[in-house]
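**Student:** For reference, the structure I am asking about is given below.
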Amino acid sequence: MTTRLVVIGAGMATGRVLEHLFESEAGYDVTLFNAEPRGNYNRIMLSPVLAGDKSYADIVTHDADWYEVNGVTCRFGERIAQIDRVAKTVTAANGDVVPYDKLLFGTGSNPFMIPLPGHDLEGVIAYRDLEDTERMMALGASNKVVVIGGGLLGLEAAAGMAARGVDVTVVHIMAHLMERQLDEAAGYLLRKALVDKGITVKCSANSKEILGENGHVRALLLDDGTELPCDLLVMAVGIRPNTALAQEAGLAVGKGIHVDDQMVTSDADILAVGECVEHDGAIFGLVAPLYDQAKVAAQTLTGAEAAFVQKELSTKLKVTGCDLFSAGDFMDGPGREDIVFRDPGRGVYRRLVIADNVVVGAVMYGDTADSNWFFGLIRDKTDIAGMRDTLIFGPAYQGGTPLDPLAGVAALPRDAEICGCNGICKGQIEDAIAAGATDLGAVRATTKASGSCGTCTGLVEQVLAVTLGDDFVLPAAQSICACTDMTHEDVRRMIKSQRLTSMPAVWQECGWKTSCGCHVCRPALNFYLLADWPLEYRDDPQSRFINERKHANIQKDGTFSVVPRMWGGITTPNELRAIADAADKYMVPTVKVTGGQRIDLLGVRSEDLPDIWADLNAAGMVSGHAYSKGLRTVKTCVGTDHCRFGTQDSTGLGIKLEKQLWGAWTPHKLKLGVSGCPRNCAEATCKDIGVICVDSGYQVSIGGAAGMDVKETELLVQVTTEREAVDVIKAVTQLYRENAKYLDRIYKWMGKVGLDWISERIVDDLDSRMALVDRFEVSQSIYRKDPWAEHASTRAETYRPLANLSLEAAE
């Protein structure tokens, strides 16, 4: 017999209960009532809808098809008027009586309206649902709005309307914004960012009366006599659990509907989840505990054993484009000390509160990449005495390693929480990736990570980047990053047409939204400037990904992979001895032959990198650039030297190509292959650039791939001499450098411009070919350096500023 379940409220919590319930195939017949005339949608994402970044359709979590497939009877736009617990029925406002076996409350919360004189005037609204959002979206540049409340909702409402050109004033009774989540310093930075967006902010301001005219709001009067004219007044001062219906039904109610660990109310057949509940004296407003409750409620309904446990929570938010994080207790007190880092130029602030060598609180503004690591220290009560001097810089600085978001993510343990809303840890995301979820959308669909508030999206992408390595591709986006509305193509065109030769020039001329770029756009800008203006621009190592900064490939456990270069795959006994000695000396756990005919030393500790480089340099070996967006390897077969089928000296050509192309920065990694005959033992036809040697010369093909996409190269040209082959390959490389989008492999670039376009500039126009060769060689004369040797000779200078920075932060 099917069990009848009636659900009151189509909120995020009840929606998640239904998801779990249907996954379990428990056989419930579900009727869903909702006072709003619609089903489940993500209320957290109303702010992007208000700002115009998303539409309502984008934030719907369950559409009509989902309800139909799962057999849900939808009663949207209908309120429940009465519950008869004895008869086990609910009565809708229209008089319909619906029986239930189990009843689930998800009535949420009501916005609190300050009972100021005039609060019932037309034009005084809360910010709670889609109707409120649409009311604000209808305003334009001719309108004035006052928002009462400097918390998250109030600021998001203000920012969304300001983005539409509305004249907005925020009124907050406390001395700084978001005082529950931020300390005074972070609150100041947030206020400054809002003011920079054109929003007027009044803190320590007490509202006295709402003034009206002809029944409509016209101004807010403050107690100091100031009048703030407005066409709309938005109250965003908090919420209260919606318990009226439960109270009328005789359920136990305090601040919220009382529930036990199984989310069962004082009636064994009635459960409750979400903002309407009270558990062990606590009520809930963040989505993470609501989803925990939903999972437990679903398990209770299916008869499984489960218990809701309140967890220590952190708050990670994005307010008006500003990243914020707070956790623990960050209030001052006896026996406590602060570590504070401020970088006003970048708008970055970090404060840690320490007691007895344990971090008890943290506040971060502007850069929250390490927030999960700091939260883990708070949660686990980790003794930080041994890392006190570098603690403020996050996990990537422990052991003296330069700070980098990917290093921090790589250092996180598998049980580190990545998505707080859904309780998804790093290990779950890694497992999903291993099972085939190789992009953000797939990870989101599989694990729900980044699928709620979206603030962890960047962190999820970093886990993808660390796990997939070079196979990770940044998701396609309209703009190069959040710093600008311009695309990669727009930025590249501007750099060339206006001869912009520095990052500040690009930021200024392109109208960047931030003054210094972010970790997404800076590597791209650095490459574009380097490729277009090699004589004027100097490479910025801090604008490179961690692999290129460290001159080694980071692994998922935070160690590194070191690959010395072997020209054309040729090595000597002395080189092999040096590699074996280095593997022994630095206790390298894995030594592997790569697909590119090189030897990979896997598992090298970060602190050992300069020394292992020095030892390999002393044996005459240089970096293999296995970490770079540049030439990786030139794979060869033995050719005419040894093979009876060889038609040309493929090994010699491969060595020449590698020695002339190594160290060249390109939009993505670059792999070459040279096969001595059409039997193709060097697999040249699946490389970015491949050469097949034939009796009459050399066939040069481009655009191959053998990773997540499998592509065969396409023939560009056949030439008769080795010199011509080398020139063609240099020209292709330079044309790719000058025109491709950053992080596009050659085959993706070729798919956009076409093989004919490339051929016109390299095959048909000899002058164009040689001009490309000349520009490539100019760039090589400046940038072709062995980073291992260079880093070893300058590492004292490299680390000295970090020591100064640590001292300054400690003070």
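Starting from 1 in every chain, residues are counted up; chains themselves are A, B, ... following the order of the structure tokens, and ligands are numbered from 1 as listed.
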Mind the document's chain letters and residue numbers, and return as a ChimeraX atom specification the residues of region 358-524 of chain A that DSSP labels helix (DSSP H, G or I).
**Tutor:** /A:371-380,385-387,391-393,395-397,405-411,426-434,440-447,457-471,488-497,503-509,521-524
**Student:** Contacts of region 725-731 of chain A at 10 Å or less, counting only C-alpha atoms, minus same-chain residues fewer than 3 places along, as a VMD selection string?
**Tutor:** chain A and resid 653 to 654 656 to 657 660 to 661 672 689 to 691 697 to 702 716 to 722 734 to 737 758 761 to 763 766 768 to 777
**Student:** Report, in Å with one decimal, the straight-line distance from CA of Cys516 (chain A) to CA of Thr368 (chain A).
**Tutor:**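 The value is 16.4 Å.
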**Student:** Compile the contact shell of Lys669 (chain A) as a VMD selection string: residues with an atom at most 8 Å away, counting only C-alpha atoms, same-chain residues fewer than 5 positions apart removed.
**Tutor:** chain A and resid 470 628 to 632 745
**Student:** So which bits of region 107-140 of chain A end up strand (DSSP E) when you DSSP the backbone, as a list in words?
**Tutor:**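 Taking region 107-140 of chain A and keeping strand (DSSP E) only, one gets Ser109, Asn110, Pro111, Val124, Ile125 and Ala126 of chain A.
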**Student:** For those residues, write all heavy atoms to a file as a short mmCIF file (atom, residue, chain, number, x, y, z; two decimals), in the first residue's frame.
**Tutor:**
```cif
data_model
loop_
_atom_site.label_atom_id
_atom_site.label_comp_id
_atom_site.auth_asym_id
_atom_site.auth_seq_id
_atom_site.Cartn_x
_atom_site.Cartn_y
_atom_site.Cartn_z
N SER A 109 10.08 30.76 6.92
CA SER A 109 10.11 31.88 7.85
C SER A 109 9.41 33.08 7.24
O SER A 109 9.18 33.14 6.04
CB SER A 109 11.56 32.24 8.20
OG SER A 109 12.27 32.57 7.03
N ASN A 110 9.09 34.03 8.09
CA ASN A 110 8.49 35.28 7.66
C ASN A 110 9.48 36.41 7.87
O ASN A 110 10.21 36.42 8.87
CB ASN A 110 7.22 35.58 8.45
CG ASN A 110 6.13 34.55 8.19
OD1 ASN A 110 5.94 34.12 7.05
ND2 ASN A 110 5.42 34.15 9.23
N PRO A 111 9.52 37.38 6.95
CA PRO A 111 10.40 38.52 7.18
C PRO A 111 9.90 39.36 8.34
O PRO A 111 8.69 39.56 8.49
CB PRO A 111 10.34 39.28 5.85
CG PRO A 111 9.03 38.88 5.26
CD PRO A 111 8.78 37.47 5.68
N VAL A 124 6.23 49.85 0.99
CA VAL A 124 7.11 49.31 2.02
C VAL A 124 7.06 47.79 1.90
O VAL A 124 5.99 47.19 2.09
CB VAL A 124 6.68 49.75 3.44
CG1 VAL A 124 7.60 49.13 4.49
CG2 VAL A 124 6.71 51.27 3.54
N ILE A 125 8.16 47.17 1.55
CA ILE A 125 8.16 45.73 1.28
C ILE A 125 9.33 45.07 2.01
O ILE A 125 10.24 45.74 2.51
CB ILE A 125 8.26 45.43 -0.23
CG1 ILE A 125 9.65 45.86 -0.78
CG2 ILE A 125 7.13 46.09 -1.00
CD1 ILE A 125 9.92 45.38 -2.19
N ALA A 126 9.26 43.75 2.07
CA ALA A 126 10.39 42.94 2.54
C ALA A 126 11.15 42.45 1.30
O ALA A 126 10.80 42.78 0.17
CB ALA A 126 9.90 41.77 3.37
#
```
